[in-house]
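Dropping model.csv in here (CSV, C-alpha atoms):
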```
chain,number,residue,atom,x,y,z
Q,236,MET,CA,-13.2,25.2,-17.8
Q,237,ASN,CA,-16.2,27.4,-17.7
Q,238,LYS,CA,-18.2,28.1,-14.5
Q,239,LEU,CA,-20.5,25.0,-14.8
Q,240,GLN,CA,-17.5,22.7,-15.3
Q,241,LEU,CA,-15.7,24.3,-12.4
Q,242,TYR,CA,-18.8,23.6,-10.4
Q,243,TYR,CA,-18.7,20.0,-11.3
Q,244,PHE,CA,-15.0,19.9,-10.6
Q,245,TYR,CA,-15.4,21.4,-7.1
Q,246,GLN,CA,-18.1,18.9,-6.3
Q,247,LEU,CA,-15.6,16.1,-7.1
Q,248,VAL,CA,-12.7,17.3,-5.1
Q,249,PRO,CA,-14.0,16.9,-1.5
Q,250,VAL,CA,-15.6,13.5,-2.4
Q,251,ILE,CA,-12.5,12.0,-3.7
Q,252,SER,CA,-10.4,13.4,-0.8
Q,253,LEU,CA,-12.7,11.7,1.7
Q,254,ILE,CA,-12.8,8.4,-0.2
Q,255,LEU,CA,-9.1,8.4,-0.8
Q,256,ILE,CA,-8.3,9.1,2.9
Q,257,GLY,CA,-10.8,6.4,4.0
Q,258,LEU,CA,-9.5,3.7,1.6
Q,259,THR,CA,-5.9,4.5,2.5
Q,260,LEU,CA,-6.5,4.3,6.2
Q,261,ILE,CA,-8.3,0.9,5.8
Q,262,ALA,CA,-5.5,-0.5,3.6
Q,263,LEU,CA,-2.9,1.0,6.0
Q,264,LEU,CA,-4.5,-0.6,9.0
Q,265,THR,CA,-4.6,-4.0,7.2
Q,266,GLN,CA,-1.0,-3.7,6.1
Q,267,SER,CA,0.2,-2.6,9.5
Q,268,LEU,CA,-1.0,-5.9,11.1
Q,269,SER,CA,2.0,-7.6,9.6
Q,270,GLN,CA,4.3,-5.3,11.5
Q,271,LEU,CA,2.8,-6.0,14.9
Q,272,ASP,CA,5.9,-8.1,15.8
Q,273,LEU,CA,7.8,-4.8,16.1
Q,274,LEU,CA,5.7,-4.1,19.2
Q,275,PHE,CA,5.4,-7.5,20.8
Q,276,GLU,CA,8.6,-9.3,19.7
Q,277,ARG,CA,11.1,-6.5,19.3
Q,278,GLY,CA,10.1,-4.2,22.1
Q,279,GLN,CA,9.6,-1.1,19.9
Q,280,SER,CA,7.5,1.8,20.9
Q,281,ALA,CA,4.1,2.7,19.4
Q,282,MET,CA,5.6,5.7,17.7
Q,283,THR,CA,8.1,3.5,15.9
Q,284,PHE,CA,5.3,1.3,14.7
Q,285,ILE,CA,3.2,4.3,13.5
Q,286,GLY,CA,6.3,5.8,11.8
Q,287,ILE,CA,7.1,2.6,9.9
Q,288,SER,CA,3.4,2.1,8.9
Q,289,PHE,CA,3.2,5.7,7.7
Q,290,LEU,CA,6.1,5.1,5.3
Q,291,ALA,CA,3.9,2.7,3.4
Q,292,THR,CA,1.2,5.4,2.8
Q,293,PRO,CA,2.4,6.7,-0.6
Q,294,GLN,CA,2.4,3.3,-2.2
Q,295,ILE,CA,-1.1,2.5,-0.7
Q,296,MET,CA,-2.5,5.8,-2.0
Q,297,ALA,CA,-1.2,5.1,-5.5
Q,298,ILE,CA,-2.8,1.6,-5.4
Q,299,VAL,CA,-6.2,2.7,-4.2
Q,300,MET,CA,-6.3,5.9,-6.4
Q,301,PRO,CA,-8.3,4.3,-9.3
Q,302,VAL,CA,-10.9,2.9,-7.0
Q,303,ALA,CA,-11.2,6.3,-5.2
Q,304,LEU,CA,-11.6,8.0,-8.6
Q,305,PHE,CA,-14.3,5.6,-9.7
Q,306,LEU,CA,-16.4,5.9,-6.5
Q,307,ALA,CA,-16.0,9.7,-6.4
Q,308,VAL,CA,-17.0,10.2,-10.0
Q,309,ALA,CA,-19.9,7.7,-9.9
Q,310,TRP,CA,-21.3,9.2,-6.7
Q,311,THR,CA,-20.9,12.8,-7.7
Q,312,TYR,CA,-22.2,12.6,-11.3
Q,313,GLY,CA,-25.0,10.3,-10.2
Q,314,ARG,CA,-26.2,12.8,-7.7
Q,315,LEU,CA,-25.8,15.7,-10.2
Q,316,HIS,CA,-27.8,13.7,-12.8
Q,317,GLN,CA,-30.6,12.8,-10.4
Q,318,ASP,CA,-30.8,16.5,-9.3
Q,319,ASN,CA,-31.2,17.5,-12.9
Q,320,GLU,CA,-28.0,19.5,-12.8
Q,321,ILE,CA,-26.6,17.6,-15.8
Q,322,ILE,CA,-29.7,18.5,-17.8
Q,323,VAL,CA,-28.6,22.1,-17.7
Q,324,ALA,CA,-25.5,21.2,-19.7
Q,325,TYR,CA,-27.5,19.0,-22.1
Q,326,SER,CA,-30.0,21.8,-22.8
Q,327,SER,CA,-27.0,24.1,-23.6
Q,328,GLY,CA,-25.9,21.6,-26.3
Q,329,TRP,CA,-23.0,20.2,-24.5
Q,330,THR,CA,-21.6,16.8,-25.6
Q,331,LEU,CA,-21.0,14.0,-23.1
Q,332,TRP,CA,-17.3,14.7,-23.5
Q,333,LYS,CA,-17.7,18.3,-22.3
Q,334,VAL,CA,-19.9,17.1,-19.4
Q,335,GLY,CA,-17.3,14.6,-18.3
Q,336,GLU,CA,-14.3,16.9,-18.9
Q,337,PRO,CA,-14.0,18.0,-15.2
Q,338,ALA,CA,-13.8,14.3,-14.2
Q,339,PHE,CA,-11.0,13.7,-16.7
Q,340,ARG,CA,-9.1,16.8,-15.5
Q,341,LEU,CA,-9.3,15.3,-12.1
Q,342,ALA,CA,-8.0,12.0,-13.5
Q,343,ALA,CA,-5.1,13.8,-15.1
Q,344,MET,CA,-4.1,15.3,-11.8
Q,345,ALA,CA,-4.4,11.9,-10.1
Q,346,CYS,CA,-2.4,10.4,-12.9
Q,347,LEU,CA,0.5,12.9,-12.4
Q,348,PHE,CA,0.3,12.3,-8.6
Q,349,THR,CA,0.4,8.6,-9.0
Q,350,LEU,CA,3.3,8.8,-11.5
Q,351,ALA,CA,5.3,11.0,-9.1
Q,352,VAL,CA,4.6,8.5,-6.2
Q,353,ASN,CA,5.6,5.5,-8.3
Q,354,LEU,CA,8.9,7.1,-9.6
Q,355,PHE,CA,10.1,9.1,-6.7
Q,356,VAL,CA,8.1,9.0,-3.4
Q,357,GLN,CA,7.5,5.3,-3.2
Q,358,PRO,CA,11.2,4.3,-3.6
Q,359,LEU,CA,12.3,6.8,-1.0
Q,360,ALA,CA,9.7,5.9,1.5
Q,361,LEU,CA,10.0,2.1,1.1
Q,362,ARG,CA,13.8,2.2,1.2
Q,363,GLU,CA,13.6,4.1,4.5
Q,364,MET,CA,11.1,1.6,5.8
Q,365,ARG,CA,13.2,-1.3,4.7
Q,366,GLU,CA,16.3,0.2,6.5
Q,367,ARG,CA,14.3,0.8,9.7
Q,368,LEU,CA,13.0,-2.7,9.7
Q,369,PHE,CA,16.4,-4.1,9.0
Q,370,ALA,CA,17.9,-2.1,11.9
Q,371,ILE,CA,15.2,-3.3,14.3
Q,372,ARG,CA,15.4,-6.9,13.3
Q,373,ALA,CA,19.2,-6.7,13.5
Q,374,ASP,CA,19.1,-5.0,16.9
Q,375,PHE,CA,19.8,-8.3,18.7
Q,376,ALA,CA,20.3,-6.7,22.1
Q,377,SER,CA,16.8,-5.1,22.2
Q,378,SER,CA,15.0,-8.4,21.5
Q,379,ILE,CA,16.7,-10.8,23.9
Q,380,VAL,CA,15.1,-9.7,27.1
Q,381,ARG,CA,11.6,-9.1,28.4
Q,382,GLU,CA,10.6,-8.3,32.0
Q,383,GLY,CA,9.5,-11.4,33.8
Q,384,GLU,CA,9.9,-13.7,30.8
Q,385,PHE,CA,12.3,-16.5,29.9
Q,386,ARG,CA,13.3,-15.6,26.3
Q,387,SER,CA,15.3,-17.7,23.9
Q,388,THR,CA,15.4,-15.7,20.6
Q,389,VAL,CA,18.4,-17.5,19.3
Q,390,ASN,CA,19.7,-21.1,19.7
Q,391,GLY,CA,22.0,-21.5,22.7
Q,392,LEU,CA,21.0,-18.4,24.7
Q,393,MET,CA,18.1,-17.9,27.2
Q,394,VAL,CA,17.8,-14.7,29.2
Q,395,TYR,CA,15.5,-13.8,32.1
Q,396,ALA,CA,15.2,-10.5,33.9
Q,397,ARG,CA,12.9,-10.0,36.9
Q,398,LYS,CA,12.5,-6.3,36.4
Q,399,ILE,CA,13.6,-3.6,33.8
Q,400,ASP,CA,13.8,-0.1,35.1
Q,401,ARG,CA,13.0,2.9,32.9
Q,402,ASN,CA,16.7,3.7,32.5
Q,403,GLY,CA,17.2,0.2,31.1
Q,404,THR,CA,18.8,-1.4,34.1
Q,405,LEU,CA,18.0,-5.1,34.5
Q,406,SER,CA,17.4,-6.6,37.9
Q,407,GLY,CA,17.4,-10.3,38.9
Q,408,ILE,CA,19.2,-11.6,35.8
Q,409,LEU,CA,19.6,-15.2,34.8
Q,410,ILE,CA,21.4,-16.1,31.5
Q,411,SER,CA,21.8,-19.7,30.2
Q,412,ASP,CA,24.5,-20.2,27.6
Q,413,THR,CA,24.1,-23.7,26.0
Q,414,LYS,CA,26.0,-22.9,22.8
Q,415,SER,CA,28.4,-25.6,23.8
Q,416,ARG,CA,26.2,-28.4,24.9
Q,417,SER,CA,29.1,-30.3,26.6
Q,418,GLN,CA,30.0,-27.3,28.7
Q,419,PRO,CA,26.9,-25.1,29.4
Q,420,VAL,CA,27.4,-21.9,31.4
Q,421,MET,CA,24.9,-20.2,33.7
Q,422,TYR,CA,25.2,-16.5,34.7
Q,423,VAL,CA,23.3,-15.1,37.7
Q,424,ALA,CA,23.5,-11.4,38.6
Q,425,GLN,CA,21.7,-8.9,40.7
Q,426,ARG,CA,21.8,-6.1,38.1
Q,427,GLY,CA,23.0,-5.5,34.6
Q,428,THR,CA,22.7,-3.3,31.6
Q,429,ILE,CA,22.8,-3.9,27.8
Q,430,ALA,CA,25.3,-1.8,25.8
Q,431,LYS,CA,26.4,-1.6,22.2
Q,432,LEU,CA,30.1,-1.5,21.5
Q,433,ALA,CA,32.0,-1.3,18.2
Q,434,SER,CA,32.6,-5.0,18.5
Q,435,GLY,CA,28.9,-5.8,19.1
Q,436,PRO,CA,26.3,-5.9,21.9
Q,437,VAL,CA,27.3,-6.8,25.4
Q,438,ILE,CA,25.7,-7.2,28.9
Q,439,TYR,CA,27.4,-5.7,31.9
Q,440,LEU,CA,26.6,-7.9,34.9
Q,441,GLN,CA,27.1,-6.8,38.5
Q,442,ASN,CA,27.3,-8.8,41.8
Q,443,GLY,CA,26.7,-12.3,40.5
Q,444,SER,CA,28.3,-15.6,39.7
Q,445,VAL,CA,29.2,-17.8,36.8
Q,446,GLN,CA,28.3,-21.5,37.0
Q,447,ARG,CA,30.2,-23.5,34.4
Q,448,LYS,CA,30.1,-27.3,33.9
Q,449,LEU,CA,33.5,-28.7,33.4
Q,450,ALA,CA,34.6,-31.6,31.1
Q,451,ASP,CA,34.7,-34.0,34.1
Q,452,GLY,CA,31.1,-33.3,35.0
Q,453,LYS,CA,31.8,-31.1,38.0
Q,454,VAL,CA,30.3,-27.6,38.3
Q,455,GLU,CA,32.6,-24.6,38.8
Q,456,ILE,CA,31.1,-21.5,40.5
Q,457,VAL,CA,33.0,-18.2,40.3
Q,458,GLY,CA,31.6,-15.1,41.9
Q,459,PHE,CA,32.2,-11.6,40.4
Q,460,SER,CA,31.4,-8.0,41.2
Q,461,SER,CA,31.5,-7.0,37.5
Q,462,TYR,CA,31.5,-9.1,34.4
Q,463,MET,CA,31.0,-8.3,30.7
Q,464,LEU,CA,29.3,-10.9,28.6
Q,465,GLU,CA,29.7,-10.5,24.8
Q,466,LEU,CA,26.6,-11.4,22.7
Q,467,LYS,CA,28.3,-11.1,19.3
Q,468,GLY,CA,28.7,-14.8,19.0
Q,469,PHE,CA,24.9,-15.3,19.3
Q,470,ALA,CA,23.8,-12.6,16.8
Q,471,ASP,CA,23.1,-13.5,13.2
Q,472,GLU,CA,25.9,-11.7,11.4
Q,473,SER,CA,25.0,-13.0,8.0
Q,474,ALA,CA,21.9,-10.8,7.6
Q,475,GLU,CA,22.1,-8.4,4.6
Q,476,LEU,CA,20.0,-5.5,3.8
Q,477,PHE,CA,18.1,-6.3,0.6
Q,478,TYR,CA,16.0,-3.8,-1.4
Q,479,LYS,CA,13.0,-5.4,-3.1
Q,480,PRO,CA,12.0,-4.3,-6.7
Q,481,SER,CA,9.4,-2.0,-5.1
Q,482,ASP,CA,12.1,-0.2,-3.1
Q,483,ARG,CA,14.2,0.7,-6.2
Q,484,PHE,CA,14.3,3.7,-8.4
Q,485,LEU,CA,13.3,3.5,-12.1
Q,486,SER,CA,16.9,3.7,-13.3
Q,487,GLN,CA,17.8,0.7,-11.1
Q,488,LEU,CA,15.0,-1.3,-12.5
Q,489,LEU,CA,15.7,-0.6,-16.1
Q,490,VAL,CA,19.5,-0.9,-15.8
Q,491,PRO,CA,20.1,-3.5,-13.0
Q,492,ASP,CA,23.4,-4.2,-11.4
Q,493,LEU,CA,24.4,-7.4,-13.1
Q,494,THR,CA,27.4,-7.8,-10.8
Q,495,TYR,CA,24.9,-8.5,-8.0
Q,496,TYR,CA,23.7,-12.1,-8.1
Q,497,TRP,CA,20.0,-11.4,-7.3
Q,498,ASP,CA,19.7,-8.7,-10.0
Q,499,ARG,CA,21.4,-11.0,-12.5
Q,500,ASP,CA,18.9,-13.8,-11.9
Q,501,HIS,CA,15.8,-11.5,-11.7
Q,502,VAL,CA,16.2,-9.1,-14.6
Q,503,GLY,CA,12.6,-9.9,-15.7
Q,504,ASP,CA,11.2,-9.1,-12.3
Q,505,LEU,CA,12.9,-5.7,-12.3
Q,506,LEU,CA,11.7,-4.9,-15.8
Q,507,ALA,CA,8.1,-5.9,-15.0
Q,508,GLU,CA,8.1,-3.6,-11.9
Q,509,ALA,CA,9.4,-0.7,-14.1
Q,510,HIS,CA,6.6,-1.1,-16.6
Q,511,ARG,CA,4.0,-1.5,-13.9
Q,512,ARG,CA,5.0,1.8,-12.4
Q,513,LEU,CA,5.0,3.6,-15.7
Q,514,ALA,CA,1.7,2.2,-16.9
Q,515,GLY,CA,-0.2,2.1,-13.6
Q,516,PRO,CA,-1.3,5.8,-13.7
Q,517,ILE,CA,-3.2,5.3,-16.9
Q,518,ILE,CA,-5.7,3.3,-15.0
Q,519,CYS,CA,-6.9,6.6,-13.4
Q,520,PHE,CA,-8.3,7.6,-16.8
Q,521,SER,CA,-9.9,4.1,-17.3
Q,522,ALA,CA,-11.5,4.3,-13.9
Q,523,VAL,CA,-13.1,7.7,-14.6
Q,524,ALA,CA,-14.2,6.6,-18.1
Q,525,LEU,CA,-16.0,3.5,-16.6
Q,526,ALA,CA,-17.7,5.7,-13.9
Q,527,LEU,CA,-18.9,8.2,-16.5
Q,528,LEU,CA,-20.1,5.3,-18.7
Q,529,ALA,CA,-22.2,3.9,-15.9
Q,530,ILE,CA,-23.9,7.3,-15.1
Q,531,LEU,CA,-24.0,9.0,-18.5
Q,532,GLY,CA,-23.9,6.1,-20.8
Q,533,GLY,CA,-27.5,5.0,-20.3
Q,534,PRO,CA,-31.0,6.3,-19.9
Q,535,PHE,CA,-31.8,8.7,-17.1
Q,536,SER,CA,-33.3,7.0,-14.0
Q,537,ARG,CA,-34.6,8.5,-10.8
Q,538,GLN,CA,-34.2,5.2,-9.1
Q,539,GLY,CA,-30.4,5.4,-9.4
Q,540,TYR,CA,-27.8,3.7,-11.4
Q,541,GLY,CA,-26.8,0.9,-9.0
Q,542,ALA,CA,-26.8,-1.9,-11.6
Q,543,ARG,CA,-24.8,0.0,-14.2
Q,544,VAL,CA,-22.3,1.2,-11.5
Q,545,ALA,CA,-21.9,-2.4,-10.3
Q,546,TRP,CA,-21.1,-3.7,-13.8
Q,547,SER,CA,-18.6,-0.9,-14.4
Q,548,PHE,CA,-17.0,-1.3,-11.0
Q,549,GLY,CA,-16.7,-5.0,-11.8
Q,550,GLY,CA,-14.9,-4.1,-15.0
Q,551,LEU,CA,-12.5,-1.9,-13.0
Q,552,ILE,CA,-11.8,-4.7,-10.5
Q,553,ILE,CA,-11.1,-7.1,-13.4
Q,554,LEU,CA,-8.7,-4.6,-15.0
Q,555,LEU,CA,-6.8,-4.1,-11.7
Q,556,LEU,CA,-6.5,-7.9,-11.1
Q,557,SER,CA,-5.4,-8.5,-14.7
Q,558,PHE,CA,-2.9,-5.7,-14.4
Q,559,THR,CA,-1.4,-7.1,-11.2
Q,560,GLY,CA,-1.5,-10.6,-12.6
Q,561,LEU,CA,0.7,-9.6,-15.5
Q,562,LEU,CA,3.7,-9.2,-13.3
Q,563,PRO,CA,4.9,-12.8,-13.3
Q,564,SER,CA,4.1,-13.3,-17.0
Q,565,VAL,CA,6.0,-10.2,-17.9
Q,566,ALA,CA,8.9,-11.3,-15.7
Q,567,ASN,CA,9.1,-14.5,-17.7
Q,568,GLN,CA,8.3,-13.1,-21.1
Q,569,PRO,CA,9.4,-9.4,-21.3
Q,570,PHE,CA,7.7,-8.8,-24.7
Q,571,LEU,CA,4.3,-9.1,-22.8
Q,572,ALA,CA,5.1,-5.7,-21.1
Q,573,ALA,CA,3.1,-4.0,-23.8
Q,574,LEU,CA,0.0,-5.4,-22.2
Q,575,PHE,CA,0.5,-3.1,-19.2
Q,576,TYR,CA,-0.3,-0.3,-21.6
Q,577,VAL,CA,-2.8,-2.0,-23.9
Q,578,LEU,CA,-5.2,-3.1,-21.1
Q,579,PRO,CA,-5.9,0.3,-19.5
Q,580,LEU,CA,-5.9,2.1,-22.9
Q,581,GLY,CA,-8.3,-0.5,-24.4
Q,582,VAL,CA,-10.7,0.0,-21.5
Q,583,LEU,CA,-10.4,3.7,-21.9
Q,584,PHE,CA,-11.1,3.5,-25.6
Q,585,PHE,CA,-14.2,1.3,-25.1
Q,586,ALA,CA,-15.6,3.3,-22.2
Q,587,THR,CA,-15.3,6.7,-24.0
Q,588,LYS,CA,-16.8,5.4,-27.3
Q,589,PRO,CA,-20.3,7.0,-26.5
Q,590,MET,CA,-18.6,10.3,-25.6
Q,591,ARG,CA,-16.9,10.6,-28.9
Q,592,VAL,CA,-20.3,10.7,-30.7
Q,593,PRO,CA,-21.9,14.2,-30.6
Q,594,ILE,CA,-25.4,14.0,-29.2
Q,595,ARG,CA,-26.9,15.8,-32.2
Q,596,ASP,CA,-25.5,13.0,-34.5
Q,597,LEU,CA,-27.2,10.2,-32.5
Q,598,LYS,CA,-30.3,8.9,-34.1
Q,599,PRO,CA,-33.1,7.5,-31.9
Q,600,ASN,CA,-32.8,4.0,-33.4
Q,601,ARG,CA,-29.0,3.9,-32.8
Q,602,VAL,CA,-29.0,5.3,-29.3
Q,603,GLY,CA,-30.4,2.1,-27.8
Q,604,LYS,CA,-28.0,0.0,-29.7
Q,605,ILE,CA,-24.9,1.9,-28.8
Q,606,ALA,CA,-25.3,3.0,-25.2
Q,607,GLY,CA,-29.0,3.6,-24.4
Q,608,LEU,CA,-30.7,7.0,-24.4
Q,609,PHE,CA,-28.1,9.6,-23.3
Q,610,LEU,CA,-30.6,12.4,-22.8
Q,611,PRO,CA,-33.3,11.9,-20.2
Q,612,LYS,CA,-36.7,11.2,-21.5
Q,613,ARG,CA,-39.2,13.9,-21.2
Q,614,SER,CA,-41.5,11.6,-19.2
Q,615,ASP,CA,-38.8,11.1,-16.6
Q,616,PHE,CA,-38.8,14.7,-15.4
Q,617,GLN,CA,-42.1,16.1,-16.6
Q,618,PRO,CA,-45.6,14.8,-15.6
Q,619,LYS,CA,-47.8,13.5,-18.4
Q,620,ARG,CA,-50.5,15.8,-19.6
Q,621,GLY,CA,-53.3,13.4,-18.7
Q,622,LYS,CA,-52.1,13.1,-15.1
Q,623,ALA,CA,-51.6,16.8,-14.8
Q,624,ASN,CA,-55.1,17.5,-15.9
Q,625,ALA,CA,-56.4,14.9,-13.5
Q,626,LEU,CA,-54.7,16.8,-10.7
```

Any chance you could put this one into structure tokens?
Amino acid sequence: MNKLQLYYFYQLVPVISLILIGLTLIALLTQSLSQLDLLFERGQSAMTFIGISFLATPQIMAIVMPVALFLAVAWTYGRLHQDNEIIVAYSSGWTLWKVGEPAFRLAAMACLFTLAVNLFVQPLALREMRERLFAIRADFASSIVREGEFRSTVNGLMVYARKIDRNGTLSGILISDTKSRSQPVMYVAQRGTIAKLASGPVIYLQNGSVQRKLADGKVEIVGFSSYMLELKGFADESAELFYKPSDRFLSQLLVPDLTYYWDRDHVGDLLAEAHRRLAGPIICFSAVALALLAILGGPFSRQGYGARVAWSFGGLIILLLSFTGLLPSVANQPFLAALFYVLPLGVLFFATKPMRVPIRDLKPNRVGKIAGLFLPKRSDFQPKRGKANAL
């Protein structure tokens, strides 16, 4: 790139950085709302919540990248065009393609970044997030007790603790075991602690009593100074860590494990996810081409290019929705996977059509028919002679 193209490029970099960060934070905040149960239901710390939400950041950045590119290119080139900085390139005989080259170089970098995220970073991050979520939801002991609350997280067990110290000691404990409805058991203790043994979670109770209803209807009360209550029988031991298609590496998507029942029944879903990851980065070029078409593909205007930008942005949204909507169709009909590549490449071909025609080869009567007047009119940036004389 020459100096002027580098100037255009460096104008784009800070803009797309700010837009990408902003869109990512908004999407991350929205996505994190679904994980709020980690704070309120599972008793996890705020740092755990932030760490799990942060693991979703790479995937979100890859999703919002085309939108960030479009907004950055449209805003930057629109400002440069209105400030007559694009006219300098036109006066030097540059073609539209040469003017838009810095934006396409930025699109190539974004494409490589998105491809790396899709193939390597996303699976690693999402697998880690899935494992953490599984560990938290499987942590039965951390979810059964809240200070000052009667909690019944599983059928047959209700736990109450009047106070929980910082070291995890429970005070004023009441536990109701109704797993056997004919012989319910009540545990009352002054203090207790939750521990995890190799056999499963347990509660060590101190200075309390066990109240058990016998078969003949009588209540048996037995005091104790120390008692260990096993919770393994109440925990859901059938839970299994499952990696979604978005959590898997490309090799696992293209060559699924047919010995696993889910993979065997969802080969189409795995294949669709693989093609989505490979074709998704192409949309970066389509987004840049649509943005340049909105700014450079029509007559110069000092009032801005809001209408043209809106139409182009609408085209980008339709492309993104169509791209996402192909997933179930490709899962059922694998031969439709070619559409993942045809859609963005078709939009790219259409949007760059004016750029492939040298400006010197455009005739005035064809300019309006193809894409409007590419060069600004003289009257748009120079006063008319009559008005100048009047002044």

Residues within 10 Å of Ser557 of chain Q, please, as an mmCIF file with C-alpha atoms, keeping the file's coordinate frame. Count all atoms listed in the file; anything in the same chain fewer than 5 positions from it doesn't count.
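Final file, around_39.cif:
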```cif
data_model
loop_
_atom_site.group_PDB
_atom_site.id
_atom_site.type_symbol
_atom_site.label_atom_id
_atom_site.label_comp_id
_atom_site.auth_asym_id
_atom_site.auth_seq_id
_atom_site.Cartn_x
_atom_site.Cartn_y
_atom_site.Cartn_z
ATOM 1 C CA LEU Q 551 -12.500 -1.900 -13.000
ATOM 2 C CA ILE Q 552 -11.800 -4.700 -10.500
ATOM 3 C CA LEU Q 562 3.700 -9.200 -13.300
ATOM 4 C CA LEU Q 574 0.000 -5.400 -22.200
ATOM 5 C CA PHE Q 575 0.500 -3.100 -19.200
ATOM 6 C CA LEU Q 578 -5.200 -3.100 -21.100
#
```

Give me, please, the distance in Å between atom CA of Arg591 of chain Q and atom CA of Phe558 of chain Q, quoted to one decimal. 25.9 Å

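With all atoms listed in the file as the basis for measurement, Q:Arg365 is the residue among Q:Lys398, Q:Arg365, Q:Arg340, Q:Lys333 that approaches Tyr478 of chain Q most closely.
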
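Coordinates place atom CA of Ala545 of chain Q at a distance of 17.8 Å from atom CA of Cys519 of chain Q.
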
If I take atom CA of Leu440 of chain Q and atom CA of Leu409 of chain Q, how far is one from the other in Å, to one decimal?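 Calculated distance between atom CA of Leu440 of chain Q and atom CA of Leu409 of chain Q is 10.1 Å.
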
The residue from Q:Gly541, Q:Gly427, Q:Pro358, Q:Pro419 with the smallest atom-to-atom distance to Lys479 of chain Q, counting all atoms listed in the file, is Q:Pro358

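Residue nearest Leu263 of chain Q within the list Q:Leu476, Q:Ile371, Q:Leu290, Q:Ile456: Q:Leu290 [criterion: smallest interatomic distance, only C-alpha atoms].
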
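With all atoms listed in the file as the atoms that count, the minimum distance from Val565 of chain Q to the choices Q:Leu505, Q:Val544, Q:Leu247, Q:Ile438 is reached by Q:Leu505.
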
Counting all atoms listed in the file, figure out which residue out of Q:Ile399, Q:Ala573, Q:Ile530, Q:Leu583 gets nearest to Arg314 of chain Q.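 Of Q:Ile399, Q:Ala573, Q:Ile530, Q:Leu583, the one nearest Arg314 of chain Q is Q:Ile530, counting all atoms listed in the file.
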
Mind listing as a compact mmCIF listing (two decimals) with C-alpha atoms, keeping the file's coordinate frame all residues within 7 Å of (29.1, -7.2, 31.4), counting all atoms listed in the file?
```
# COMPACT_ATOMS: atom_id res chain seq x y z
CA VAL Q 437 27.30 -6.80 25.40
CA ILE Q 438 25.70 -7.20 28.90
CA TYR Q 439 27.40 -5.70 31.90
CA LEU Q 440 26.60 -7.90 34.90
CA SER Q 461 31.50 -7.00 37.50
CA TYR Q 462 31.50 -9.10 34.40
CA MET Q 463 31.00 -8.30 30.70
CA LEU Q 464 29.30 -10.90 28.60
```

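Residue neighbourhood of Arg416 of chain Q, excluding near-sequence residues (fewer than 4 positions): Gly391, Asp412, Val420 and Lys448 of chain Q, at 10 Å, using all atoms listed in the file.
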
So that I can check the surroundings of Arg483 of chain Q, please list as number ranges by chain every protein, DNA and RNA residue that reaches within 12 Å of it, counting all atoms listed in the file and ignoring chain neighbours fewer than 3 positions away. Q: 353-363, 365, 477-480, 486-492, 498, 504-506, 508-509, 512
